[in-house]
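Here is protein-v5.cif, consisting of mmCIF, C-alpha atoms; chains and numbers go by the auth columns:
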```
data_coords
#
loop_
_atom_site.group_PDB
_atom_site.id
_atom_site.type_symbol
_atom_site.label_atom_id
_atom_site.label_comp_id
_atom_site.label_asym_id
_atom_site.label_seq_id
_atom_site.Cartn_x
_atom_site.Cartn_y
_atom_site.Cartn_z
_atom_site.B_iso_or_equiv
_atom_site.auth_seq_id
_atom_site.auth_asym_id
ATOM 1 C CA MET A 1 19.347 -5.294 -21.046 0.00 7 Q
ATOM 2 C CA PRO A 2 20.524 -2.474 -23.343 0.00 8 Q
ATOM 3 C CA ILE A 3 21.850 -0.454 -20.376 0.00 9 Q
ATOM 4 C CA VAL A 4 25.332 -1.685 -19.443 0.00 10 Q
ATOM 5 C CA VAL A 5 26.979 -0.710 -16.161 0.00 11 Q
ATOM 6 C CA LYS A 6 30.610 0.290 -16.697 0.00 12 Q
ATOM 7 C CA LEU A 7 31.285 1.007 -13.043 0.00 13 Q
ATOM 8 C CA ASP A 8 34.020 -1.607 -12.710 0.00 14 Q
ATOM 9 C CA LEU A 9 35.944 0.030 -15.593 0.00 15 Q
ATOM 10 C CA VAL A 10 35.619 3.496 -14.035 0.00 16 Q
ATOM 11 C CA LEU A 11 36.724 2.099 -10.663 0.00 17 Q
ATOM 12 C CA ALA A 12 39.785 0.479 -12.253 0.00 18 Q
ATOM 13 C CA ASP A 13 40.559 3.673 -14.201 0.00 19 Q
ATOM 14 C CA ARG A 14 40.392 5.786 -11.045 0.00 20 Q
ATOM 15 C CA LYS A 15 42.137 3.079 -8.982 0.00 21 Q
ATOM 16 C CA VAL A 16 39.363 3.219 -6.405 0.00 22 Q
ATOM 17 C CA LYS A 17 38.409 0.269 -4.210 0.00 23 Q
ATOM 18 C CA SER A 18 34.811 -0.942 -4.230 0.00 24 Q
ATOM 19 C CA LYS A 19 34.844 -0.911 -0.444 0.00 25 Q
ATOM 20 C CA ASP A 20 35.649 2.824 -0.333 0.00 26 Q
ATOM 21 C CA LEU A 21 32.965 3.678 -2.878 0.00 27 Q
ATOM 22 C CA ALA A 22 30.357 1.554 -1.101 0.00 28 Q
ATOM 23 C CA GLU A 23 31.214 3.266 2.155 0.00 29 Q
ATOM 24 C CA TYR A 24 30.905 6.724 0.559 0.00 30 Q
ATOM 25 C CA ILE A 25 27.563 5.915 -1.064 0.00 31 Q
ATOM 26 C CA GLY A 26 26.247 4.284 2.089 0.00 32 Q
ATOM 27 C CA ILE A 27 25.403 0.870 0.626 0.00 33 Q
ATOM 28 C CA THR A 28 26.832 -2.555 1.274 0.00 34 Q
ATOM 29 C CA GLU A 29 29.652 -3.988 -0.811 0.00 35 Q
ATOM 30 C CA ALA A 30 27.279 -6.776 -1.815 0.00 36 Q
ATOM 31 C CA ASN A 31 24.825 -4.277 -3.277 0.00 37 Q
ATOM 32 C CA LEU A 32 27.631 -2.416 -5.043 0.00 38 Q
ATOM 33 C CA SER A 33 28.772 -5.738 -6.512 0.00 39 Q
ATOM 34 C CA LEU A 34 25.222 -6.390 -7.770 0.00 40 Q
ATOM 35 C CA LEU A 35 25.225 -2.925 -9.339 0.00 41 Q
ATOM 36 C CA LYS A 36 28.619 -3.508 -10.979 0.00 42 Q
ATOM 37 C CA HIS A 37 27.342 -6.716 -12.538 0.00 43 Q
ATOM 38 C CA GLY A 38 24.101 -5.086 -13.690 0.00 44 Q
ATOM 39 C CA LYS A 39 22.016 -7.369 -11.500 0.00 45 Q
ATOM 40 C CA VAL A 40 19.741 -4.639 -10.150 0.00 46 Q
ATOM 41 C CA LYS A 41 16.465 -3.306 -11.445 0.00 47 Q
ATOM 42 C CA GLY A 42 17.417 0.310 -11.033 0.00 48 Q
ATOM 43 C CA VAL A 43 19.740 2.901 -9.556 0.00 49 Q
ATOM 44 C CA ARG A 44 18.452 5.728 -7.388 0.00 50 Q
ATOM 45 C CA PHE A 45 19.452 9.255 -8.444 0.00 51 Q
ATOM 46 C CA ASP A 46 20.941 9.703 -4.990 0.00 52 Q
ATOM 47 C CA THR A 47 23.222 6.673 -5.480 0.00 53 Q
ATOM 48 C CA LEU A 48 24.216 7.852 -8.951 0.00 54 Q
ATOM 49 C CA GLN A 49 25.012 11.315 -7.628 0.00 55 Q
ATOM 50 C CA ARG A 50 27.258 9.883 -4.896 0.00 56 Q
ATOM 51 C CA ILE A 51 29.046 7.662 -7.420 0.00 57 Q
ATOM 52 C CA CYS A 52 29.688 10.621 -9.732 0.00 58 Q
ATOM 53 C CA GLU A 53 30.846 12.774 -6.807 0.00 59 Q
ATOM 54 C CA PHE A 54 33.296 10.160 -5.549 0.00 60 Q
ATOM 55 C CA LEU A 55 34.673 9.140 -8.925 0.00 61 Q
ATOM 56 C CA GLY A 56 34.545 12.584 -10.545 0.00 62 Q
ATOM 57 C CA CYS A 57 32.656 11.319 -13.542 0.00 63 Q
ATOM 58 C CA GLN A 58 29.368 11.757 -15.388 0.00 64 Q
ATOM 59 C CA PRO A 59 26.410 9.336 -15.262 0.00 65 Q
ATOM 60 C CA GLY A 60 27.142 8.522 -18.895 0.00 66 Q
ATOM 61 C CA ASP A 61 30.553 7.177 -17.893 0.00 67 Q
ATOM 62 C CA VAL A 62 28.940 4.662 -15.568 0.00 68 Q
ATOM 63 C CA LEU A 63 25.822 3.758 -17.544 0.00 69 Q
ATOM 64 C CA VAL A 64 26.040 3.128 -21.256 0.00 70 Q
ATOM 65 C CA HIS A 65 23.193 2.393 -23.624 0.00 71 Q
ATOM 66 C CA VAL A 66 24.038 -0.440 -26.001 0.00 72 Q
ATOM 67 C CA PRO A 67 21.354 -0.759 -28.701 0.00 73 Q
ATOM 68 C CA ALA A 68 19.895 -4.219 -29.035 0.00 74 Q
ATOM 69 C CA ALA A 69 20.769 -6.148 -32.200 0.00 75 Q
ATOM 70 C CA ALA A 70 18.510 -5.175 -35.107 0.00 76 Q
ATOM 71 C CA PRO A 71 15.894 -7.766 -36.183 0.00 77 Q
ATOM 72 C CA LYS A 72 17.075 -10.051 -39.021 0.00 78 Q
ATOM 73 C CA ALA A 73 14.307 -8.978 -41.437 0.00 79 Q
ATOM 74 C CA ARG A 74 15.291 -5.342 -41.060 0.00 80 Q
ATOM 75 C CA SER A 75 19.028 -6.000 -41.402 0.00 81 Q
ATOM 76 C CA ALA A 76 18.415 -7.918 -44.647 0.00 82 Q
ATOM 77 C CA GLU A 77 16.799 -4.846 -46.308 0.00 83 Q
ATOM 78 C CA MET B 1 14.193 -11.964 -1.096 0.00 162 Y
ATOM 79 C CA ASN B 2 10.626 -11.625 0.122 0.00 163 Y
ATOM 80 C CA VAL B 3 11.132 -9.770 3.373 0.00 164 Y
ATOM 81 C CA SER B 4 11.849 -6.121 3.799 0.00 165 Y
ATOM 82 C CA PRO B 5 12.012 -4.228 7.041 0.00 166 Y
ATOM 83 C CA SER B 6 9.200 -1.853 7.831 0.00 167 Y
ATOM 84 C CA PRO B 7 9.843 1.870 7.899 0.00 168 Y
ATOM 85 C CA ALA B 8 10.281 3.335 11.332 0.00 169 Y
ATOM 86 C CA GLY B 9 6.995 3.920 13.098 0.00 170 Y
ATOM 87 C CA ALA B 10 4.977 1.870 10.619 0.00 171 Y
ATOM 88 C CA SER B 11 3.933 -0.565 13.337 0.00 172 Y
ATOM 89 C CA SER B 12 4.392 -0.802 17.058 0.00 173 Y
ATOM 90 C CA PRO B 13 6.317 -3.965 17.989 0.00 174 Y
ATOM 91 C CA SER B 14 5.185 -3.773 21.610 0.00 175 Y
ATOM 92 C CA MET B 15 1.519 -3.520 20.600 0.00 176 Y
ATOM 93 C CA SER B 16 1.930 -6.352 18.102 0.00 177 Y
ATOM 94 C CA GLY B 17 3.700 -8.409 20.752 0.00 178 Y
ATOM 95 C CA PHE B 18 0.926 -7.818 23.274 0.00 179 Y
ATOM 96 C CA LEU B 19 -1.797 -8.671 20.752 0.00 180 Y
ATOM 97 C CA GLY B 20 0.143 -11.745 19.657 0.00 181 Y
ATOM 98 C CA VAL B 21 0.349 -13.063 23.209 0.00 182 Y
ATOM 99 C CA ALA B 22 -3.369 -12.328 23.699 0.00 183 Y
ATOM 100 C CA CYS B 23 -4.146 -14.308 20.523 0.00 184 Y
ATOM 101 C CA LEU B 24 -2.035 -17.235 21.682 0.00 185 Y
ATOM 102 C CA VAL B 25 -3.633 -17.271 25.140 0.00 186 Y
ATOM 103 C CA LEU B 26 -7.118 -17.128 23.592 0.00 187 Y
ATOM 104 C CA ALA B 27 -6.211 -19.830 21.068 0.00 188 Y
ATOM 105 C CA VAL B 28 -5.543 -22.175 23.981 0.00 189 Y
ATOM 106 C CA ALA B 29 -8.147 -20.925 26.468 0.00 190 Y
ATOM 107 C CA LEU B 30 -11.080 -20.684 24.052 0.00 191 Y
ATOM 108 C CA PRO B 31 -11.201 -24.363 22.961 0.00 192 Y
ATOM 109 C CA ALA B 32 -10.347 -25.562 26.464 0.00 193 Y
ATOM 110 C CA SER B 33 -13.128 -23.582 28.134 0.00 194 Y
ATOM 111 C CA SER B 34 -15.610 -24.452 25.387 0.00 195 Y
ATOM 112 C CA ALA B 35 -14.742 -28.135 25.643 0.00 196 Y
ATOM 113 C CA HIS B 36 -15.213 -27.976 29.406 0.00 197 Y
ATOM 114 C CA ALA B 37 -18.553 -26.171 29.084 0.00 198 Y
ATOM 115 C CA LEU B 38 -19.882 -28.510 26.391 0.00 199 Y
ATOM 116 C CA TRP B 39 -18.676 -31.611 28.215 0.00 200 Y
ATOM 117 C CA ALA B 40 -20.529 -30.540 31.343 0.00 201 Y
ATOM 118 C CA LEU B 41 -23.725 -29.783 29.424 0.00 202 Y
ATOM 119 C CA SER B 42 -26.716 -31.940 30.368 0.00 203 Y
ATOM 120 C CA PRO B 43 -29.021 -33.430 27.689 0.00 204 Y
ATOM 121 C CA GLU B 44 -31.561 -30.733 28.559 0.00 205 Y
ATOM 122 C CA GLY B 45 -28.860 -28.141 28.155 0.00 206 Y
ATOM 123 C CA TRP B 46 -27.959 -29.492 24.704 0.00 207 Y
ATOM 124 C CA LEU B 47 -31.612 -29.392 23.632 0.00 208 Y
ATOM 125 C CA ALA B 48 -32.029 -25.845 24.930 0.00 209 Y
ATOM 126 C CA ARG B 49 -28.812 -24.835 23.163 0.00 210 Y
ATOM 127 C CA ALA B 50 -30.129 -26.250 19.890 0.00 211 Y
ATOM 128 C CA GLY B 51 -33.429 -24.441 20.357 0.00 212 Y
ATOM 129 C CA ILE B 52 -35.482 -27.624 20.850 0.00 213 Y
ATOM 130 C CA VAL B 53 -38.178 -27.031 23.453 0.00 214 Y
ATOM 131 C CA PRO B 54 -39.767 -30.408 24.369 0.00 215 Y
ATOM 132 C CA PRO B 55 -37.260 -32.486 26.359 0.00 216 Y
ATOM 133 C CA MET B 56 -36.452 -35.901 24.904 0.00 217 Y
ATOM 134 C CA PRO B 57 -33.992 -38.663 25.807 0.00 218 Y
ATOM 135 C CA LEU B 58 -30.588 -38.472 24.142 0.00 219 Y
ATOM 136 C CA SER B 59 -28.230 -41.404 23.587 0.00 220 Y
ATOM 137 C CA PRO B 60 -24.464 -41.142 24.238 0.00 221 Y
ATOM 138 C CA TRP B 61 -23.621 -41.207 20.508 0.00 222 Y
ATOM 139 C CA GLN B 62 -25.877 -38.191 19.946 0.00 223 Y
ATOM 140 C CA LEU B 63 -24.137 -36.320 22.745 0.00 224 Y
ATOM 141 C CA GLY B 64 -20.746 -37.335 21.328 0.00 225 Y
ATOM 142 C CA ILE B 65 -21.556 -36.093 17.832 0.00 226 Y
ATOM 143 C CA ALA B 66 -23.099 -32.915 19.262 0.00 227 Y
ATOM 144 C CA PHE B 67 -19.901 -32.316 21.243 0.00 228 Y
ATOM 145 C CA VAL B 68 -17.723 -32.730 18.141 0.00 229 Y
ATOM 146 C CA PHE B 69 -19.909 -30.430 16.049 0.00 230 Y
ATOM 147 C CA GLY B 70 -20.209 -27.948 18.900 0.00 231 Y
ATOM 148 C CA MET B 71 -16.430 -27.690 19.055 0.00 232 Y
ATOM 149 C CA LEU B 72 -15.946 -27.035 15.325 0.00 233 Y
ATOM 150 C CA PRO B 73 -16.525 -23.227 15.264 0.00 234 Y
ATOM 151 C CA VAL B 74 -14.314 -22.709 18.305 0.00 235 Y
ATOM 152 C CA THR B 75 -11.580 -24.925 16.849 0.00 236 Y
ATOM 153 C CA ALA B 76 -11.640 -22.955 13.599 0.00 237 Y
ATOM 154 C CA MET B 77 -11.399 -19.725 15.550 0.00 238 Y
ATOM 155 C CA ALA B 78 -8.475 -21.121 17.592 0.00 239 Y
ATOM 156 C CA CYS B 79 -6.655 -21.992 14.355 0.00 240 Y
ATOM 157 C CA GLY B 80 -7.299 -18.443 13.159 0.00 241 Y
ATOM 158 C CA LEU B 81 -5.911 -17.020 16.393 0.00 242 Y
ATOM 159 C CA VAL B 82 -2.743 -19.099 15.988 0.00 243 Y
ATOM 160 C CA ARG B 83 -2.353 -17.679 12.456 0.00 244 Y
ATOM 161 C CA ALA B 84 -2.955 -14.166 13.849 0.00 245 Y
ATOM 162 C CA TRP B 85 -0.243 -14.799 16.463 0.00 246 Y
ATOM 163 C CA GLN B 86 2.187 -15.891 13.733 0.00 247 Y
ATOM 164 C CA CYS B 87 1.292 -12.808 11.689 0.00 248 Y
ATOM 165 C CA LEU B 88 1.812 -10.474 14.657 0.00 249 Y
ATOM 166 C CA ARG B 89 5.113 -12.222 15.433 0.00 250 Y
ATOM 167 C CA GLY B 90 6.187 -11.238 11.919 0.00 251 Y
ATOM 168 C CA PHE B 91 5.217 -7.626 12.676 0.00 252 Y
ATOM 169 C CA VAL B 92 7.332 -7.741 15.853 0.00 253 Y
ATOM 170 C CA ARG B 93 10.314 -8.925 13.778 0.00 254 Y
ATOM 171 C CA GLY B 94 9.741 -5.984 11.407 0.00 255 Y
ATOM 172 C CA GLU B 95 8.620 -8.240 8.564 0.00 256 Y
ATOM 173 C CA VAL B 96 5.564 -6.151 7.764 0.00 257 Y
ATOM 174 C CA PHE B 97 5.926 -6.802 4.052 0.00 258 Y
ATOM 175 C CA GLY B 98 7.051 -10.411 4.371 0.00 259 Y
ATOM 176 C CA LEU B 99 5.228 -12.957 2.252 0.00 260 Y
ATOM 177 C CA ALA B 100 4.926 -15.363 5.205 0.00 261 Y
ATOM 178 C CA THR B 101 3.363 -12.634 7.363 0.00 262 Y
ATOM 179 C CA VAL B 102 0.778 -11.871 4.701 0.00 263 Y
ATOM 180 C CA MET B 103 -0.019 -15.560 4.271 0.00 264 Y
ATOM 181 C CA HIS B 104 -0.628 -15.814 8.032 0.00 265 Y
ATOM 182 C CA LEU B 105 -2.980 -12.801 7.828 0.00 266 Y
ATOM 183 C CA ARG B 106 -4.829 -14.492 4.986 0.00 267 Y
ATOM 184 C CA GLY B 107 -4.982 -17.721 7.022 0.00 268 Y
ATOM 185 C CA PHE B 108 -6.478 -15.792 9.929 0.00 269 Y
ATOM 186 C CA ALA B 109 -9.159 -14.324 7.664 0.00 270 Y
ATOM 187 C CA ALA B 110 -9.961 -17.750 6.198 0.00 271 Y
ATOM 188 C CA ALA B 111 -10.224 -19.339 9.648 0.00 272 Y
ATOM 189 C CA VAL B 112 -12.507 -16.571 10.954 0.00 273 Y
ATOM 190 C CA LEU B 113 -14.721 -16.909 7.870 0.00 274 Y
ATOM 191 C CA CYS B 114 -14.793 -20.675 8.383 0.00 275 Y
ATOM 192 C CA SER B 115 -15.743 -20.172 12.037 0.00 276 Y
ATOM 193 C CA ALA B 116 -18.534 -17.759 11.069 0.00 277 Y
ATOM 194 C CA VAL B 117 -19.962 -20.185 8.503 0.00 278 Y
ATOM 195 C CA LEU B 118 -19.740 -23.047 10.977 0.00 279 Y
ATOM 196 C CA GLY B 119 -21.489 -20.849 13.528 0.00 280 Y
ATOM 197 C CA LEU B 120 -24.431 -20.671 11.127 0.00 281 Y
ATOM 198 C CA VAL B 121 -24.389 -24.329 10.068 0.00 282 Y
ATOM 199 C CA VAL B 122 -23.635 -26.126 13.321 0.00 283 Y
ATOM 200 C CA PRO B 123 -26.895 -25.218 15.153 0.00 284 Y
ATOM 201 C CA ALA B 124 -28.874 -26.707 12.256 0.00 285 Y
ATOM 202 C CA VAL B 125 -26.755 -29.876 12.301 0.00 286 Y
ATOM 203 C CA LEU B 126 -27.095 -30.086 16.095 0.00 287 Y
ATOM 204 C CA SER B 127 -30.872 -29.882 15.893 0.00 288 Y
ATOM 205 C CA VAL B 128 -30.941 -32.761 13.391 0.00 289 Y
ATOM 206 C CA VAL B 129 -28.538 -34.891 15.411 0.00 290 Y
ATOM 207 C CA LEU B 130 -30.301 -34.294 18.730 0.00 291 Y
ATOM 208 C CA THR B 131 -33.755 -35.123 17.354 0.00 292 Y
ATOM 209 C CA TRP B 132 -32.570 -38.065 15.223 0.00 293 Y
ATOM 210 C CA GLN B 133 -34.181 -40.662 17.477 0.00 294 Y
ATOM 211 C CA ALA B 134 -37.341 -38.680 18.102 0.00 295 Y
ATOM 212 C CA PRO B 135 -40.596 -40.087 16.740 0.00 296 Y
ATOM 213 C CA PRO B 136 -41.882 -38.739 13.421 0.00 297 Y
ATOM 214 C CA GLY B 137 -43.341 -35.299 13.823 0.00 298 Y
ATOM 215 C CA LYS B 138 -41.009 -34.496 16.695 0.00 299 Y
ATOM 216 C CA ARG B 139 -37.827 -34.241 14.631 0.00 300 Y
ATOM 217 C CA ALA B 140 -36.557 -30.725 14.096 0.00 301 Y
ATOM 218 C CA LEU B 141 -34.331 -28.670 11.839 0.00 302 Y
ATOM 219 C CA VAL B 142 -33.516 -25.372 13.454 0.00 303 Y
ATOM 220 C CA LEU B 143 -32.258 -22.653 11.142 0.00 304 Y
ATOM 221 C CA GLY B 144 -31.027 -19.369 12.474 0.00 305 Y
ATOM 222 C CA ILE B 145 -28.898 -16.468 11.338 0.00 306 Y
ATOM 223 C CA GLY B 146 -27.185 -14.414 13.994 0.00 307 Y
ATOM 224 C CA SER B 147 -25.925 -10.898 13.439 0.00 308 Y
ATOM 225 C CA SER B 148 -22.657 -11.714 15.222 0.00 309 Y
ATOM 226 C CA ASP B 149 -21.880 -14.523 12.765 0.00 310 Y
ATOM 227 C CA LEU B 150 -22.704 -12.296 9.802 0.00 311 Y
ATOM 228 C CA LEU B 151 -20.564 -9.487 11.205 0.00 312 Y
ATOM 229 C CA MET B 152 -17.712 -11.938 11.804 0.00 313 Y
ATOM 230 C CA ALA B 153 -17.972 -13.141 8.185 0.00 314 Y
ATOM 231 C CA LEU B 154 -17.927 -9.520 7.017 0.00 315 Y
ATOM 232 C CA VAL B 155 -14.837 -8.717 9.089 0.00 316 Y
ATOM 233 C CA ALA B 156 -13.148 -11.876 7.779 0.00 317 Y
ATOM 234 C CA GLY B 157 -13.858 -10.763 4.225 0.00 318 Y
ATOM 235 C CA ILE B 158 -12.409 -7.310 4.898 0.00 319 Y
ATOM 236 C CA VAL B 159 -9.266 -8.799 6.474 0.00 320 Y
ATOM 237 C CA TRP B 160 -8.944 -11.122 3.449 0.00 321 Y
ATOM 238 C CA GLN B 161 -9.051 -8.077 1.157 0.00 322 Y
ATOM 239 C CA ILE B 162 -6.464 -6.280 3.303 0.00 323 Y
ATOM 240 C CA ALA B 163 -4.250 -9.369 2.996 0.00 324 Y
ATOM 241 C CA ALA B 164 -4.685 -9.201 -0.795 0.00 325 Y
ATOM 242 C CA VAL B 165 -3.534 -5.557 -0.740 0.00 326 Y
ATOM 243 C CA PHE B 166 -0.568 -6.622 1.436 0.00 327 Y
ATOM 244 C CA THR B 167 0.352 -9.238 -1.186 0.00 328 Y
ATOM 245 C CA ARG B 168 0.645 -6.430 -3.742 0.00 329 Y
ATOM 246 C CA ALA B 169 2.664 -4.415 -1.225 0.00 330 Y
ATOM 247 C CA VAL B 170 5.033 -7.377 -0.803 0.00 331 Y
ATOM 248 C CA ALA B 171 5.623 -7.429 -4.577 0.00 332 Y
ATOM 249 C CA LEU B 172 6.324 -3.668 -4.542 0.00 333 Y
ATOM 250 C CA ALA B 173 8.680 -4.010 -1.565 0.00 334 Y
ATOM 251 C CA GLU B 174 10.561 -6.810 -3.349 0.00 335 Y
ATOM 252 C CA GLU B 175 10.905 -4.639 -6.441 0.00 336 Y
ATOM 253 C CA ASN B 176 12.057 -1.693 -4.344 0.00 337 Y
ATOM 254 C CA ALA B 177 14.662 -3.904 -2.670 0.00 338 Y
ATOM 255 C CA GLN B 178 16.229 -4.465 -6.095 0.00 339 Y
ATOM 256 C CA PHE B 179 17.013 -0.756 -6.419 0.00 340 Y
ATOM 257 C CA VAL B 180 20.356 0.413 -5.080 0.00 341 Y
#
```
Mind turning the file's structure into structure tokens?
Amino acid sequence: MPIVVKLDLVLADRKVKSKDLAEYIGITEANLSLLKHGKVKGVRFDTLQRICEFLGCQPGDVLVHVPAAAPKARSAE
Amino acid sequence: MNVSPSPAGASSPSMSGFLGVACLVLAVALPASSAHALWALSPEGWLARAGIVPPMPLSPWQLGIAFVFGMLPVTAMACGLVRAWQCLRGFVRGEVFGLATVMHLRGFAAAVLCSAVLGLVVPAVLSVVLTWQAPPGKRALVLGIGSSDLLMALVAGIVWQIAAVFTRAVALAEENAQFV
């Protein structure tokens, strides 16, 4: 998955507990843990907005696009 | 995860509960009353039921086979009612988009379709069985198509299609559950 969730880094940077964030968003800690580990299919805009509000960050701080490795044939050119 | 709770107001648990109990009661009462009625049927009654006009002697094995075949449509319907009860029980628990609930709905449709087909086939089989020992020229094969059986088959087909739509809904609900 080229989209990497950096939520755990932002949480550590802001010294915020997962429990507090989960409570603010209104989701369970288990679901927040799944989100942190990138084991979800998607994030609702509402959830993203609450995360950004609570952590004082931008969506780009939480979600980062990491381009997939280029195909070998192309890299050889 | 294959179960997601239904949105508020999507289904009435009390109505589902009532219908479920009605299905369960019918699933027990229907075969029992049919068995009682068929068991008490006289040979003349069996012949009249099969649409055979001239009375003829029937041996116990013919009556036994006729009883078994006569019970088949009702038994299929009872199985369908049990599946309907299980499906409605799922609705009561809020598992509207549960895979098990949908499979029970599909089972109900299959059982009703089976009962409708048996309702068309059994009278023909009964006529053959009951006239098996009759002299040549007196044997009969009664074929008949009733509108109620055809309607039941149609309803079963529609319920089967609804169950297929529910299967797709289950997949969508599962996907939605993976969004946070």
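Near Gly206 of chain Y, within 12 Å and counting all atoms listed in the file, sit Ala198, Leu199, Trp200, Ala201, Leu202, Ser203, Pro204, Leu208, Ala209, Arg210, Ala211, Gly212, Ile213, Val214, Pro215, Pro216, Met217, Pro218, Leu219, Leu224, Ala227 and Leu291 of chain Y, not including residues fewer than 2 positions from it in the same chain.
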Give one line per residue of chain Y that approaches chain Q to at most 8 Å, naming the two atoms of the closest pair and their distance in Å to one decimal, counting all atoms listed in the file; sort by chain then ascending residue number and deliver it as a tab-separated table.
```
residue	atom	partner	partner_atom	distance
Y:Glu336	CA	Q:Lys47	CA	7.6
Y:Gln339	CA	Q:Val46	CA	5.4
Y:Phe340	CA	Q:Gly48	CA	4.8
Y:Val341	CA	Q:Val49	CA	5.2
```
**OP:** Could you state which residues are captured by the PyMOL selection byres ((chain Y and resi 251) around 12) in this file, as number ranges by chain?
**Re:** Y: 164-167, 172-174, 177-178, 181, 244-250, 252-266
Take the residues that were just selected and, keeping C-alpha atoms, output them as a PDB file, keeping the file's coordinate frame.
```
ATOM      1  CA  VAL Y 164      11.132  -9.770   3.373  1.00  0.00           C
ATOM      2  CA  SER Y 165      11.849  -6.121   3.799  1.00  0.00           C
ATOM      3  CA  PRO Y 166      12.012  -4.228   7.041  1.00  0.00           C
ATOM      4  CA  SER Y 167       9.200  -1.853   7.831  1.00  0.00           C
ATOM      5  CA  SER Y 172       3.933  -0.565  13.337  1.00  0.00           C
ATOM      6  CA  SER Y 173       4.392  -0.802  17.058  1.00  0.00           C
ATOM      7  CA  PRO Y 174       6.317  -3.965  17.989  1.00  0.00           C
ATOM      8  CA  SER Y 177       1.930  -6.352  18.102  1.00  0.00           C
ATOM      9  CA  GLY Y 178       3.700  -8.409  20.752  1.00  0.00           C
ATOM     10  CA  GLY Y 181       0.143 -11.745  19.657  1.00  0.00           C
ATOM     11  CA  ARG Y 244      -2.353 -17.679  12.456  1.00  0.00           C
ATOM     12  CA  ALA Y 245      -2.955 -14.166  13.849  1.00  0.00           C
ATOM     13  CA  TRP Y 246      -0.243 -14.799  16.463  1.00  0.00           C
ATOM     14  CA  GLN Y 247       2.187 -15.891  13.733  1.00  0.00           C
ATOM     15  CA  CYS Y 248       1.292 -12.808  11.689  1.00  0.00           C
ATOM     16  CA  LEU Y 249       1.812 -10.474  14.657  1.00  0.00           C
ATOM     17  CA  ARG Y 250       5.113 -12.222  15.433  1.00  0.00           C
ATOM     18  CA  PHE Y 252       5.217  -7.626  12.676  1.00  0.00           C
ATOM     19  CA  VAL Y 253       7.332  -7.741  15.853  1.00  0.00           C
ATOM     20  CA  ARG Y 254      10.314  -8.925  13.778  1.00  0.00           C
ATOM     21  CA  GLY Y 255       9.741  -5.984  11.407  1.00  0.00           C
ATOM     22  CA  GLU Y 256       8.620  -8.240   8.564  1.00  0.00           C
ATOM     23  CA  VAL Y 257       5.564  -6.151   7.764  1.00  0.00           C
ATOM     24  CA  PHE Y 258       5.926  -6.802   4.052  1.00  0.00           C
ATOM     25  CA  GLY Y 259       7.051 -10.411   4.371  1.00  0.00           C
ATOM     26  CA  LEU Y 260       5.228 -12.957   2.252  1.00  0.00           C
ATOM     27  CA  ALA Y 261       4.926 -15.363   5.205  1.00  0.00           C
ATOM     28  CA  THR Y 262       3.363 -12.634   7.363  1.00  0.00           C
ATOM     29  CA  VAL Y 263       0.778 -11.871   4.701  1.00  0.00           C
ATOM     30  CA  MET Y 264      -0.019 -15.560   4.271  1.00  0.00           C
ATOM     31  CA  HIS Y 265      -0.628 -15.814   8.032  1.00  0.00           C
ATOM     32  CA  LEU Y 266      -2.980 -12.801   7.828  1.00  0.00           C
TER      33      LEU Y 266
END
```
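Against this structure, the PyMOL selection byres ((chain Q and resi 17) around 12) ends up with Val11, Lys12, Leu13, Asp14, Leu15, Val16, Ala18, Asp19, Arg20, Lys21, Val22, Lys23, Ser24, Lys25, Asp26, Leu27, Ala28, Leu38, Ser39, Lys42, Ile57, Cys58, Phe60, Leu61, Gly62, Cys63, Asp67 and Val68 of chain Q.
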**OP:** Counting all atoms listed in the file, figure out which residue out of Y:Phe228, Y:Arg267, Y:Leu312, Y:Thr236 gets nearest to Phe327 of chain Y.
**Re:**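 With all atoms listed in the file as the atom set, the closest residue is Y:Arg267.
Atom CA of Gly307 of chain Y is found 18.7 Å from atom CA of Val289 of chain Y.
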Regenerate segment 66-71 of chain Q at the level of N, CA, C and O atoms and dump it as a short mmCIF file (atom, residue, chain, number, x, y, z; two decimals), in the coordinates of the input.
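The resulting out.cif:
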```cif
data_model
loop_
_atom_site.label_atom_id
_atom_site.label_comp_id
_atom_site.auth_asym_id
_atom_site.auth_seq_id
_atom_site.Cartn_x
_atom_site.Cartn_y
_atom_site.Cartn_z
N GLY Q 66 26.91 9.21 -17.62
CA GLY Q 66 27.14 8.52 -18.90
C GLY Q 66 28.41 7.69 -18.91
O GLY Q 66 28.55 6.79 -19.74
N ASP Q 67 29.33 8.00 -17.98
CA ASP Q 67 30.55 7.18 -17.89
C ASP Q 67 30.27 5.84 -17.21
O ASP Q 67 30.96 4.85 -17.45
N VAL Q 68 29.26 5.86 -16.36
CA VAL Q 68 28.94 4.66 -15.57
C VAL Q 68 27.90 3.80 -16.27
O VAL Q 68 27.98 2.57 -16.26
N LEU Q 69 26.91 4.48 -16.86
CA LEU Q 69 25.82 3.76 -17.54
C LEU Q 69 25.89 4.04 -19.04
O LEU Q 69 25.90 5.21 -19.45
N VAL Q 70 25.93 2.98 -19.80
CA VAL Q 70 26.04 3.13 -21.26
C VAL Q 70 24.89 2.38 -21.92
O VAL Q 70 24.58 1.24 -21.55
N HIS Q 71 24.28 3.05 -22.89
CA HIS Q 71 23.19 2.39 -23.62
C HIS Q 71 23.77 1.68 -24.84
O HIS Q 71 24.39 2.29 -25.71
#
```
